[in-house]
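Data from protein_34.tsv: TSV, C-alpha atoms and all ligand atoms
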chain	number	residue	atom	x	y	z
A	1	MET	CA	5.63	27.16	-1.84
A	2	PRO	CA	2.25	28.69	-2.64
A	3	SER	CA	1.08	31.50	-0.36
A	4	PRO	CA	-1.38	30.22	2.25
A	5	HIS	CA	-3.59	33.16	1.27
A	6	ARG	CA	-3.98	31.91	-2.28
A	7	ILE	CA	-4.84	28.31	-1.48
A	8	SER	CA	-6.00	26.67	1.73
A	9	SER	CA	-3.38	25.89	4.35
A	10	ARG	CA	-4.73	22.34	4.47
A	11	ILE	CA	-3.91	21.73	0.81
A	12	ALA	CA	-0.71	23.79	0.87
A	13	ALA	CA	0.61	21.46	3.58
A	14	ILE	CA	0.31	18.32	1.43
A	15	ALA	CA	3.39	16.93	-0.28
A	16	GLU	CA	3.15	15.23	-3.67
A	17	SER	CA	3.02	11.43	-3.48
A	18	ALA	CA	6.72	10.47	-3.46
A	19	THR	CA	6.06	7.03	-4.94
A	20	LEU	CA	4.14	8.45	-7.88
A	21	LYS	CA	6.70	11.25	-8.28
A	22	VAL	CA	9.69	8.91	-8.54
A	23	ASP	CA	7.70	6.62	-10.83
A	24	ALA	CA	6.76	9.52	-13.12
A	25	LYS	CA	10.38	10.71	-13.23
A	26	ALA	CA	11.62	7.21	-14.12
A	27	LYS	CA	8.98	6.82	-16.84
A	28	ALA	CA	9.83	10.26	-18.28
A	29	LEU	CA	13.55	9.44	-18.40
A	30	LYS	CA	12.77	6.12	-20.09
A	31	ALA	CA	10.56	7.88	-22.64
A	32	ALA	CA	13.48	10.22	-23.33
A	33	GLY	CA	15.60	7.20	-24.25
A	34	ARG	CA	17.53	6.71	-20.99
A	35	PRO	CA	17.85	3.01	-20.03
A	36	VAL	CA	16.36	3.51	-16.57
A	37	ILE	CA	15.41	0.50	-14.50
A	38	SER	CA	12.66	1.38	-12.08
A	39	TYR	CA	11.99	-0.21	-8.72
A	40	ALA	CA	9.81	2.78	-7.87
A	41	ALA	CA	6.08	2.17	-7.99
A	42	GLY	CA	4.42	-0.87	-6.54
A	43	GLU	CA	2.97	-1.92	-9.85
A	44	PRO	CA	3.01	-5.48	-11.26
A	45	ASP	CA	4.65	-5.66	-14.69
A	46	PHE	CA	2.15	-8.30	-15.86
A	47	ALA	CA	-0.77	-7.60	-18.17
A	48	THR	CA	-4.17	-7.87	-16.50
A	49	PRO	CA	-5.31	-11.52	-17.02
A	50	ALA	CA	-7.20	-12.07	-20.29
A	51	HIS	CA	-10.54	-13.19	-18.80
A	52	ILE	CA	-10.71	-9.94	-16.83
A	53	VAL	CA	-9.96	-7.81	-19.89
A	54	GLU	CA	-12.59	-9.76	-21.86
A	55	ALA	CA	-15.22	-9.02	-19.21
A	56	ALA	CA	-14.37	-5.34	-19.49
A	57	SER	CA	-14.54	-5.52	-23.28
A	58	ALA	CA	-18.02	-6.97	-23.11
A	59	ALA	CA	-19.00	-4.30	-20.57
A	60	VAL	CA	-17.94	-1.51	-22.92
A	61	LEU	CA	-20.43	-2.80	-25.50
A	62	ASP	CA	-23.30	-3.11	-23.06
A	63	PRO	CA	-25.40	0.08	-22.79
A	64	LYS	CA	-26.40	-0.75	-19.21
A	65	ASN	CA	-22.90	0.38	-18.23
A	66	TYR	CA	-23.25	3.79	-19.85
A	67	ARG	CA	-25.17	5.47	-17.03
A	68	TYR	CA	-24.77	6.33	-13.38
A	69	THR	CA	-24.97	3.32	-11.12
A	70	PRO	CA	-25.26	3.31	-7.30
A	71	ALA	CA	-22.49	5.45	-5.79
A	72	ALA	CA	-21.48	2.67	-3.40
A	73	GLY	CA	-20.93	0.19	-6.24
A	74	LEU	CA	-22.62	-2.38	-8.45
A	75	PRO	CA	-24.63	-4.79	-6.27
A	76	GLU	CA	-22.97	-7.82	-7.94
A	77	LEU	CA	-19.52	-6.49	-7.16
A	78	ARG	CA	-20.41	-5.66	-3.57
A	79	GLU	CA	-21.65	-9.25	-3.20
A	80	ALA	CA	-18.44	-10.61	-4.73
A	81	ILE	CA	-16.36	-8.47	-2.36
A	82	ALA	CA	-18.38	-9.68	0.63
A	83	ALA	CA	-17.72	-13.30	-0.43
A	84	LYS	CA	-14.00	-12.61	-0.89
A	85	THR	CA	-13.86	-10.96	2.55
A	86	LEU	CA	-15.45	-13.98	4.18
A	87	ARG	CA	-12.96	-16.24	2.40
A	88	ASP	CA	-9.77	-14.26	3.01
A	89	SER	CA	-10.47	-12.13	6.10
A	90	GLY	CA	-12.88	-14.46	7.89
A	91	LEU	CA	-15.46	-11.70	8.22
A	92	ALA	CA	-19.11	-12.32	7.34
A	93	VAL	CA	-20.43	-8.99	6.17
A	94	PRO	CA	-23.54	-8.04	4.18
A	95	ALA	CA	-22.95	-6.40	0.79
A	96	SER	CA	-24.58	-3.25	2.21
A	97	GLN	CA	-21.44	-2.76	4.32
A	98	VAL	CA	-19.16	-2.66	1.28
A	99	ILE	CA	-18.34	0.49	-0.72
A	100	VAL	CA	-16.53	0.23	-4.05
A	101	THR	CA	-13.97	3.03	-4.34
A	102	ASN	CA	-11.66	4.50	-6.94
A	103	GLY	CA	-8.72	2.33	-5.91
A	104	GLY	CA	-7.66	1.56	-2.38
A	105	LYS	CA	-6.46	5.14	-2.10
A	106	GLN	CA	-9.97	6.59	-2.04
A	107	ALA	CA	-10.96	4.00	0.57
A	108	VAL	CA	-8.01	5.08	2.73
A	109	TYR	CA	-8.98	8.72	2.50
A	110	GLN	CA	-12.67	8.07	3.12
A	111	ALA	CA	-11.89	5.88	6.13
A	112	PHE	CA	-9.93	8.70	7.78
A	113	ALA	CA	-12.47	11.34	6.77
A	114	THR	CA	-15.25	9.25	8.26
A	115	LEU	CA	-13.55	8.56	11.60
A	116	LEU	CA	-11.43	11.59	12.45
A	117	ASP	CA	-12.48	14.90	13.97
A	118	ASP	CA	-10.09	17.85	14.01
A	119	GLY	CA	-7.18	17.13	16.33
A	120	ASP	CA	-7.86	13.41	16.68
A	121	GLU	CA	-4.70	11.35	16.69
A	122	ALA	CA	-4.05	8.43	14.36
A	123	LEU	CA	-1.31	6.01	15.38
A	124	LEU	CA	0.78	5.33	12.32
A	125	PRO	CA	3.35	2.55	12.48
A	126	ALA	CA	6.44	3.64	10.55
A	127	PRO	CA	7.79	2.96	7.99
A	128	TYR	CA	4.37	3.71	6.49
A	129	TRP	CA	3.01	4.10	2.98
A	130	THR	CA	3.57	7.66	1.90
A	131	THR	CA	-0.14	8.50	1.46
A	132	TYR	CA	-1.37	7.72	4.99
A	133	PRO	CA	-0.04	10.80	6.84
A	134	GLU	CA	-1.27	13.15	4.13
A	135	ALA	CA	-4.72	11.55	4.09
A	136	ILE	CA	-4.89	11.73	7.90
A	137	LYS	CA	-3.97	15.42	7.84
A	138	LEU	CA	-6.46	16.15	5.06
A	139	ALA	CA	-9.15	14.67	7.28
A	140	GLY	CA	-8.13	17.02	10.12
A	141	GLY	CA	-6.30	14.34	12.09
A	142	VAL	CA	-2.81	14.24	13.52
A	143	PRO	CA	-0.54	11.36	12.47
A	144	VAL	CA	1.47	9.98	15.40
A	145	GLU	CA	4.37	7.93	14.09
A	146	VAL	CA	5.47	4.80	15.92
A	147	PHE	CA	8.74	3.62	14.42
A	148	ALA	CA	9.86	0.00	14.15
A	149	GLY	CA	13.26	-0.57	12.55
A	150	ALA	CA	14.86	-3.52	10.79
A	151	GLY	CA	15.95	-4.93	14.18
A	152	GLN	CA	12.30	-5.65	15.01
A	153	GLU	CA	11.43	-6.71	11.45
A	154	TYR	CA	9.68	-3.38	10.95
A	155	LYS	CA	6.78	-4.46	13.19
A	156	VAL	CA	5.49	-2.36	16.07
A	157	THR	CA	4.69	-3.89	19.45
A	158	VAL	CA	1.73	-3.37	21.75
A	159	GLU	CA	4.11	-1.71	24.22
A	160	GLN	CA	5.10	0.88	21.63
A	161	LEU	CA	1.47	1.54	20.70
A	162	GLU	CA	0.47	1.88	24.33
A	163	ALA	CA	3.31	4.35	24.94
A	164	ALA	CA	2.02	6.49	22.07
A	165	ARG	CA	-1.67	6.34	23.07
A	166	THR	CA	-3.28	9.48	24.49
A	167	GLU	CA	-6.83	10.66	25.20
A	168	ARG	CA	-6.99	11.90	21.62
A	169	THR	CA	-6.05	8.55	20.03
A	170	LYS	CA	-8.92	7.68	17.71
A	171	LEU	CA	-7.48	5.05	15.42
A	172	LEU	CA	-4.59	2.80	14.49
A	173	VAL	CA	-3.43	2.19	10.93
A	174	PHE	CA	-2.61	-1.52	10.61
A	175	VAL	CA	-1.01	-2.83	7.42
A	176	SER	CA	0.04	-6.44	7.03
A	177	PRO	CA	1.69	-7.27	4.64
A	178	SER	CA	3.23	-3.84	4.83
A	179	ASN	CA	3.99	-1.33	2.17
A	180	PRO	CA	6.88	-0.32	2.21
A	181	THR	CA	8.60	-3.10	4.19
A	182	GLY	CA	6.85	-6.32	3.16
A	183	ALA	CA	6.64	-7.27	6.86
A	184	VAL	CA	3.82	-9.62	7.86
A	185	TYR	CA	2.58	-9.73	11.44
A	186	THR	CA	2.20	-13.24	12.86
A	187	PRO	CA	-1.29	-14.35	13.95
A	188	ALA	CA	-0.23	-13.93	17.60
A	189	GLU	CA	1.13	-10.41	17.00
A	190	THR	CA	-2.01	-9.47	15.08
A	191	GLU	CA	-4.23	-10.77	17.84
A	192	ALA	CA	-2.26	-8.93	20.53
A	193	ILE	CA	-2.60	-5.63	18.67
A	194	GLY	CA	-6.29	-6.29	17.98
A	195	ARG	CA	-6.98	-7.02	21.67
A	196	TRP	CA	-5.16	-3.85	22.69
A	197	ALA	CA	-7.28	-1.79	20.25
A	198	LEU	CA	-10.46	-3.45	21.49
A	199	GLU	CA	-9.59	-2.85	25.12
A	200	HIS	CA	-8.92	0.85	24.58
A	201	GLY	CA	-11.72	1.60	22.11
A	202	VAL	CA	-9.26	2.47	19.36
A	203	TRP	CA	-10.59	2.13	15.81
A	204	VAL	CA	-8.45	0.15	13.34
A	205	VAL	CA	-8.06	1.02	9.68
A	206	SER	CA	-6.64	-2.22	8.31
A	207	ASP	CA	-5.23	-1.98	4.81
A	208	GLU	CA	-5.30	-5.50	3.35
A	209	ILE	CA	-4.38	-4.66	-0.24
A	210	TYR	CA	-1.39	-7.07	-0.16
A	211	GLN	CA	-3.24	-9.83	1.69
A	212	ASN	CA	-2.98	-12.37	-1.16
A	213	LEU	CA	0.74	-11.78	-1.70
A	214	THR	CA	2.55	-13.74	1.01
A	215	TYR	CA	5.45	-16.18	0.77
A	216	ASP	CA	7.29	-18.91	2.69
A	217	GLY	CA	3.99	-20.44	3.79
A	218	VAL	CA	3.18	-17.31	5.79
A	219	THR	CA	-0.45	-16.10	5.99
A	220	ALA	CA	-1.49	-12.54	6.77
A	221	VAL	CA	-4.35	-13.15	9.17
A	222	SER	CA	-6.88	-10.35	9.13
A	223	ILE	CA	-7.14	-8.44	12.40
A	224	VAL	CA	-10.91	-9.04	12.39
A	225	GLN	CA	-10.31	-12.77	12.06
A	226	ALA	CA	-7.80	-12.69	14.92
A	227	VAL	CA	-10.20	-10.66	17.11
A	228	PRO	CA	-13.76	-10.99	15.76
A	229	GLU	CA	-15.23	-8.51	18.29
A	230	LEU	CA	-13.02	-5.84	16.74
A	231	ALA	CA	-15.19	-5.76	13.59
A	232	ALA	CA	-17.46	-3.16	15.20
A	233	GLN	CA	-14.54	-0.68	15.27
A	234	THR	CA	-12.58	-1.67	12.16
A	235	ILE	CA	-12.57	-0.48	8.57
A	236	LEU	CA	-11.00	-2.89	6.10
A	237	VAL	CA	-9.43	-1.48	2.95
A	238	ASN	CA	-8.61	-3.62	-0.07
A	239	GLY	CA	-8.71	-3.73	-3.87
A	240	VAL	CA	-7.89	-5.67	-7.02
A	241	ALA	CA	-4.81	-3.67	-8.08
A	242	LYS	CA	-1.97	-5.70	-6.65
A	243	THR	CA	-3.34	-9.26	-6.76
A	244	TYR	CA	-4.66	-9.08	-10.33
A	245	ALA	CA	-2.24	-6.60	-11.95
A	246	MET	CA	-5.01	-3.99	-12.19
A	247	THR	CA	-3.38	-0.80	-10.88
A	248	GLY	CA	-4.77	1.35	-13.69
A	249	TRP	CA	-8.35	0.09	-13.42
A	250	ARG	CA	-8.88	1.88	-10.10
A	251	VAL	CA	-11.09	-0.50	-8.16
A	252	GLY	CA	-10.75	-0.71	-4.40
A	253	TRP	CA	-13.19	-0.99	-1.54
A	254	MET	CA	-13.86	-0.33	2.11
A	255	ILE	CA	-15.81	-2.45	4.56
A	256	GLY	CA	-16.90	-1.58	8.06
A	257	PRO	CA	-19.71	-1.28	10.56
A	258	ALA	CA	-23.04	-0.03	9.20
A	259	ASP	CA	-22.86	3.51	10.65
A	260	ALA	CA	-19.35	4.19	9.38
A	261	ILE	CA	-20.12	2.78	5.95
A	262	ALA	CA	-23.34	4.80	5.67
A	263	GLY	CA	-21.36	7.96	6.46
A	264	ALA	CA	-18.60	7.10	4.01
A	265	ALA	CA	-21.19	6.30	1.31
A	266	ASN	CA	-22.73	9.73	1.81
A	267	LEU	CA	-19.28	11.28	1.41
A	268	GLN	CA	-18.60	9.30	-1.76
A	269	SER	CA	-21.99	10.26	-3.20
A	270	HIS	CA	-20.79	13.87	-3.20
A	271	LEU	CA	-17.14	13.23	-3.96
A	272	SER	CA	-16.92	10.86	-6.90
A	273	SER	CA	-20.17	8.83	-7.34
A	274	ASN	CA	-19.77	5.37	-8.81
A	275	VAL	CA	-16.46	3.93	-9.98
A	276	SER	CA	-16.35	3.36	-13.76
A	277	ASN	CA	-18.84	0.57	-14.51
A	278	VAL	CA	-16.44	-1.05	-16.97
A	279	SER	CA	-13.78	-1.31	-14.28
A	280	GLN	CA	-16.32	-2.66	-11.81
A	281	ARG	CA	-17.33	-5.38	-14.29
A	282	ALA	CA	-13.65	-6.26	-14.70
A	283	ALA	CA	-13.30	-6.49	-10.92
A	284	ILE	CA	-16.26	-8.90	-10.74
A	285	ALA	CA	-14.45	-11.15	-13.23
A	286	ALA	CA	-11.24	-10.86	-11.18
A	287	LEU	CA	-12.88	-11.86	-7.91
A	288	THR	CA	-15.24	-14.55	-9.19
A	289	GLY	CA	-13.26	-15.98	-12.13
A	290	PRO	CA	-10.33	-18.40	-12.24
A	291	GLN	CA	-7.54	-17.54	-9.78
A	292	GLU	CA	-4.67	-19.39	-11.54
A	293	SER	CA	-3.16	-16.30	-13.15
A	294	ALA	CA	-3.03	-14.52	-9.79
A	295	SER	CA	-1.20	-17.48	-8.36
A	296	VAL	CA	1.30	-17.55	-11.27
A	297	MET	CA	2.06	-13.85	-10.66
A	298	ARG	CA	2.49	-14.48	-6.96
A	299	ASP	CA	5.00	-17.26	-7.69
A	300	ALA	CA	6.95	-14.89	-9.94
A	301	PHE	CA	7.08	-12.27	-7.18
A	302	ASP	CA	8.31	-14.91	-4.79
A	303	ARG	CA	11.17	-15.84	-7.15
A	304	ARG	CA	12.08	-12.19	-7.69
A	305	ARG	CA	12.00	-11.56	-3.95
A	306	ARG	CA	14.71	-14.15	-3.43
A	307	LEU	CA	16.80	-12.74	-6.28
A	308	ILE	CA	16.68	-9.18	-5.04
A	309	VAL	CA	17.33	-10.01	-1.38
A	310	ALA	CA	20.39	-12.06	-2.38
A	311	GLY	CA	21.66	-9.38	-4.78
A	312	LEU	CA	21.27	-6.46	-2.36
A	313	SER	CA	22.64	-8.41	0.59
A	314	ALA	CA	25.89	-8.88	-1.36
A	315	ILE	CA	26.51	-5.10	-1.18
A	316	ASP	CA	28.70	-4.02	1.72
A	317	GLY	CA	26.76	-1.49	3.82
A	318	VAL	CA	23.30	-2.84	2.92
A	319	ILE	CA	21.19	-4.88	5.34
A	320	CYS	CA	18.21	-6.36	3.53
A	321	PRO	CA	15.70	-8.23	5.71
A	322	THR	CA	13.74	-10.93	3.84
A	323	PRO	CA	10.14	-9.74	3.52
A	324	HIS	CA	7.34	-12.30	3.72
A	325	GLY	CA	4.69	-10.34	1.86
A	326	ALA	CA	3.77	-7.62	-0.67
A	327	PHE	CA	6.40	-6.96	-3.38
A	328	TYR	CA	8.86	-4.61	-1.72
A	329	VAL	CA	12.22	-4.91	-0.04
A	330	TYR	CA	13.21	-2.24	2.43
A	331	PRO	CA	16.97	-2.38	2.96
A	332	ASP	CA	18.67	-0.47	5.74
A	333	VAL	CA	21.36	1.43	3.81
A	334	ARG	CA	22.75	3.64	6.58
A	335	GLY	CA	26.09	1.91	5.91
A	336	LEU	CA	26.26	3.61	2.49
A	337	LEU	CA	25.76	7.14	3.84
A	338	GLY	CA	28.70	9.46	4.52
A	339	ARG	CA	30.89	7.58	2.04
A	340	SER	CA	31.91	8.87	-1.41
A	341	TRP	CA	30.46	7.32	-4.52
A	342	GLY	CA	31.59	8.70	-7.89
A	343	GLY	CA	32.65	11.96	-6.25
A	344	VAL	CA	29.38	12.44	-4.33
A	345	THR	CA	28.96	11.91	-0.58
A	346	PRO	CA	25.29	11.36	0.28
A	347	THR	CA	24.29	11.98	3.89
A	348	THR	CA	20.59	11.21	3.48
A	349	THR	CA	18.73	8.57	1.50
A	350	LEU	CA	17.08	11.37	-0.51
A	351	GLU	CA	20.56	12.24	-1.78
A	352	LEU	CA	21.47	8.58	-2.15
A	353	ALA	CA	18.40	7.90	-4.31
A	354	ASP	CA	19.31	10.87	-6.54
A	355	LEU	CA	22.86	9.60	-6.87
A	356	ILE	CA	21.64	6.10	-7.80
A	357	LEU	CA	19.38	7.54	-10.49
A	358	GLU	CA	22.10	9.80	-11.86
A	359	GLN	CA	24.99	7.35	-11.78
A	360	ALA	CA	23.35	3.93	-12.24
A	361	GLU	CA	20.10	4.90	-13.96
A	362	VAL	CA	18.17	2.97	-11.35
A	363	ALA	CA	15.04	4.45	-9.69
A	364	VAL	CA	14.34	3.66	-6.02
A	365	VAL	CA	12.21	5.47	-3.45
A	366	PRO	CA	14.10	7.04	-0.51
A	367	GLY	CA	13.12	6.17	3.06
A	368	GLU	CA	12.14	9.79	3.70
A	369	ALA	CA	8.92	9.07	1.77
A	370	PHE	CA	7.96	6.49	4.40
A	371	GLY	CA	9.44	7.80	7.64
A	372	PRO	CA	13.04	8.22	8.80
A	373	SER	CA	16.00	8.53	6.45
A	374	GLY	CA	18.39	5.58	6.15
A	375	TYR	CA	16.34	3.17	4.03
A	376	LEU	CA	15.37	2.61	0.43
A	377	ARG	CA	12.26	0.95	-0.97
A	378	LEU	CA	12.59	-1.23	-4.03
A	379	SER	CA	9.55	-2.82	-5.63
A	380	TYR	CA	10.41	-6.18	-7.17
A	381	ALA	CA	7.25	-6.34	-9.28
A	382	LEU	CA	9.32	-5.82	-12.44
A	383	GLY	CA	10.62	-8.34	-15.00
A	384	ASP	CA	13.41	-10.76	-14.00
A	385	ASP	CA	15.93	-9.44	-16.56
A	386	ASP	CA	15.48	-5.82	-15.50
A	387	LEU	CA	15.54	-6.82	-11.87
A	388	LEU	CA	18.89	-8.59	-12.24
A	389	GLU	CA	20.39	-5.85	-14.41
A	390	GLY	CA	19.38	-3.18	-11.87
A	391	VAL	CA	20.89	-5.13	-8.98
A	392	ALA	CA	24.11	-5.63	-10.99
A	393	ARG	CA	24.27	-1.85	-11.56
A	394	LEU	CA	23.88	-1.20	-7.83
A	395	GLN	CA	26.57	-3.77	-7.05
A	396	ARG	CA	28.95	-2.02	-9.49
A	397	LEU	CA	28.12	1.44	-8.14
A	398	PHE	CA	28.75	0.44	-4.54
A	399	ALA	CA	31.69	-1.94	-5.16
A	401	LIG	N1	0.83	1.88	-3.78
A	401	LIG	C1	1.86	1.86	-4.79
A	401	LIG	C2	3.20	2.27	-4.22
A	401	LIG	O1	3.34	2.42	-3.04
A	401	LIG	C3	1.45	2.65	-5.97
A	401	LIG	C4	1.81	4.08	-5.97
A	401	LIG	C5	1.00	4.85	-4.98
A	401	LIG	O2	-0.19	4.98	-5.17
A	401	LIG	O3	1.61	5.29	-4.02
A	401	LIG	O4	4.11	2.38	-4.98
How does this structure look as structure tokens?
Ligand code: GLU
Amino acid sequence: MPSPHRISSRIAAIAESATLKVDAKAKALKAAGRPVISYAAGEPDFATPAHIVEAASAAVLDPKNYRYTPAAGLPELREAIAAKTLRDSGLAVPASQVIVTNGGKQAVYQAFATLLDDGDEALLPAPYWTTYPEAIKLAGGVPVEVFAGAGQEYKVTVEQLEAARTERTKLLVFVSPSNPTGAVYTPAETEAIGRWALEHGVWVVSDEIYQNLTYDGVTAVSIVQAVPELAAQTILVNGVAKTYAMTGWRVGWMIGPADAIAGAANLQSHLSSNVSNVSQRAAIAALTGPQESASVMRDAFDRRRRLIVAGLSAIDGVICPTPHGAFYVYPDVRGLLGRSWGGVTPTTTLELADLILEQAEVAVVPGEAFGPSGYLRLSYALGDDDLLEGVARLQRLFA
């Protein structure tokens, strides 16, 4: 642990991103020749669709992309994002209220930095994506976890949120479909939470990055569509990474009321300036071009979702709810703890995840990265053969 006198206490308090850490470890082991199967990072295995790559290729050759462009994004992309938001989130918003960010992650950080003063509380439904609490703390805020377990499909209720609300509550983090659980709030649940936030003047940071990845005929209704008046106190976060297999291109965005977006744009103008113009051109092609390839990928995730739920559910001690969105399963594995596997007796899911990597050469992310111990996150955005082989290894390990 670095001395707080050498680096700031704010930065010393941040933990490394657990999802990226497990992913890097799995990739390093693979590079060293170990046959590791990784369910770690939420990263589609597909290549970015060809028409998007071609748009980027053309952009590389066009000198107009060689210079600084507006920090908040290319006007054409901001227009395309506004049109997509009207289509998928039911929110009519001018392009001036859109900021293009370096992936959804920068939008998440900027949203918290824009809204939170020191000591402000942010209600964080748990299990949560590993980056939210760190980004809240970096912005001076205090994450207040509100846990919802498998028994309530990993979805918090208005009653739970109300019980956690104090005078310092500034915002709620709302994520549907959820990373890490894949849970999708119903339109009625979304509306109830939106009305509660409206009534109490609580801002909502709604991360919609998995909005286009839902299954079983389920739709993830945007909280601003469910409660239109809430738009004046909501920041939407989204991006092209998950829907279009573009994780490495780093294009996300944030949308919100004019004052919040003006503040966030000022922040970005000092922090990072414009996102790579080539990536922005690729994102324009993704949002305005043919959508068939996105739908083919979604169908593949749907098939893999069924395979992995069936395979994990066959293991004694594992309870695997069927997720309706994103590309993660979040099994409750408390039934595997305290038992001996290959001479090791894990008592936490951190230890269990280590054991699985050591003994089965399978990478998973332990629940501790997302909230309480007792759960594992597996991304099923990997190829069918690997997915089945990994599940077979887990079944053998825990037979
Ligand atoms: N969001 C993905 C995940 O949860 C990518 C890794 C990250 O940025 O955390 O795995």
Test item: residues lying within 8 Å of ligand LIG 401 (chain A) with all atoms listed in the file, as a PyMOL selection string: chain A and resi 17-20+40-43+105+129-131+179-180+247+379
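Shortest separation to Phe174 (chain A) among A:Ala139, A:Val237, A:Ala363, A:Leu394 occurs at residue A:Val237, atoms counted being only C-alpha atoms.
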Return as JSON the box centre and box size in Å, one decimal, for an axis-aligned box around all listed atoms of region 247-261 of chain A padded by 8 Å per side.
{"center_x": -13.2, "center_y": 0.9, "center_z": -1.5, "size_x": 35.7, "size_y": 22.6, "size_z": 40.3}
Arg34 (chain A) environment, 12 Å, all atoms listed in the file, sequence neighbours closer than 5 positions dropped, as a PyMOL selection string: chain A and resi 25-29+357-363
Pick the closest to Ala220 (chain A) from A:Glu153, A:Asp117, A:Asp386, A:Asp88: which is it, counting all atoms listed in the file? A:Asp88
Name the closest residue to Val240 (chain A) among the candidates A:Thr48, A:Ala83, A:Gly90, A:Val204; distances are taken between atoms, counting all atoms listed in the file.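 Going through A:Thr48, A:Ala83, A:Gly90, A:Val204 one by one, the smallest distance to Val240 (chain A) is for A:Thr48.
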If you count all atoms listed in the file, which residues fall within 12 Å of region 6-11 of chain A, apart from same-chain ones fewer than 4 positions away, as a PyMOL selection string? chain A and resi 1-2+15-16+118+134-141
Would you list the contacts of Gly256 (chain A) as a ChimeraX atom specification, taking every protein, DNA or RNA residue within 7 Å and counting only C-alpha atoms, but skipping same-chain residues closer than 6 positions in sequence? /A:97,234-236
If we count all atoms listed in the file and set the cut-off at 9 Å, which residues sit around Val93 (chain A), ignoring sequence neighbours fewer than 2 positions away in its own chain? Please answer as a ChimeraX atom specification. /A:82-83,85-86,91,95-98,255-257
Counting all atoms listed in the file, which residues come within 10 Å of (5.5, -3.9, 3.5), with the point read in the file's coordinates, and could you list them as a VMD selection string? chain A and resid 127 to 129 154 to 155 175 to 184 210 323 to 330 377
I need the residue nearest Ala47 (chain A) from this list: A:Ile319, A:Leu352, A:Ala262, A:Met246. Use only C-alpha atoms for the distance. A:Met246
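Residue nearest Ala241 (chain A), chosen from A:Thr69, A:Ser276, A:Thr166, A:Asn102 and counting only C-alpha atoms: A:Asn102.
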For Leu77 (chain A), find every residue with an atom within 10 Å (counting only C-alpha atoms), except residues of its own chain fewer than 5 positions away, and show them as a PDB file with C-alpha atoms, in the frame of the given file.
ATOM      1  CA  ALA A  82     -18.380  -9.680   0.630  1.00  0.00           C
ATOM      2  CA  ALA A  83     -17.720 -13.300  -0.430  1.00  0.00           C
ATOM      3  CA  ALA A  95     -22.950  -6.400   0.790  1.00  0.00           C
ATOM      4  CA  VAL A  98     -19.160  -2.660   1.280  1.00  0.00           C
ATOM      5  CA  ILE A  99     -18.340   0.490  -0.720  1.00  0.00           C
ATOM      6  CA  VAL A 100     -16.530   0.230  -4.050  1.00  0.00           C
ATOM      7  CA  GLN A 280     -16.320  -2.660 -11.810  1.00  0.00           C
ATOM      8  CA  ARG A 281     -17.330  -5.380 -14.290  1.00  0.00           C
ATOM      9  CA  ALA A 282     -13.650  -6.260 -14.700  1.00  0.00           C
ATOM     10  CA  ALA A 283     -13.300  -6.490 -10.920  1.00  0.00           C
ATOM     11  CA  ILE A 284     -16.260  -8.900 -10.740  1.00  0.00           C
ATOM     12  CA  ALA A 285     -14.450 -11.150 -13.230  1.00  0.00           C
ATOM     13  CA  LEU A 287     -12.880 -11.860  -7.910  1.00  0.00           C
ATOM     14  CA  THR A 288     -15.240 -14.550  -9.190  1.00  0.00           C
TER      15      THR A 288
END
Mind pulling up the distance from CA of Val205 (chain A) to CA of Tyr185 (chain A)?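 Here the two named atoms are 15.2 Å from each other.
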To one decimal in Å, tell me the separation between CA of Gln106 (chain A) and CA of Gly239 (chain A). 10.6 Å
Shortest contact to Val221 (chain A), candidates A:Pro366, A:Gly383, A:Gly194, A:Gly201, atoms counted all atoms listed in the file, goes to A:Gly194
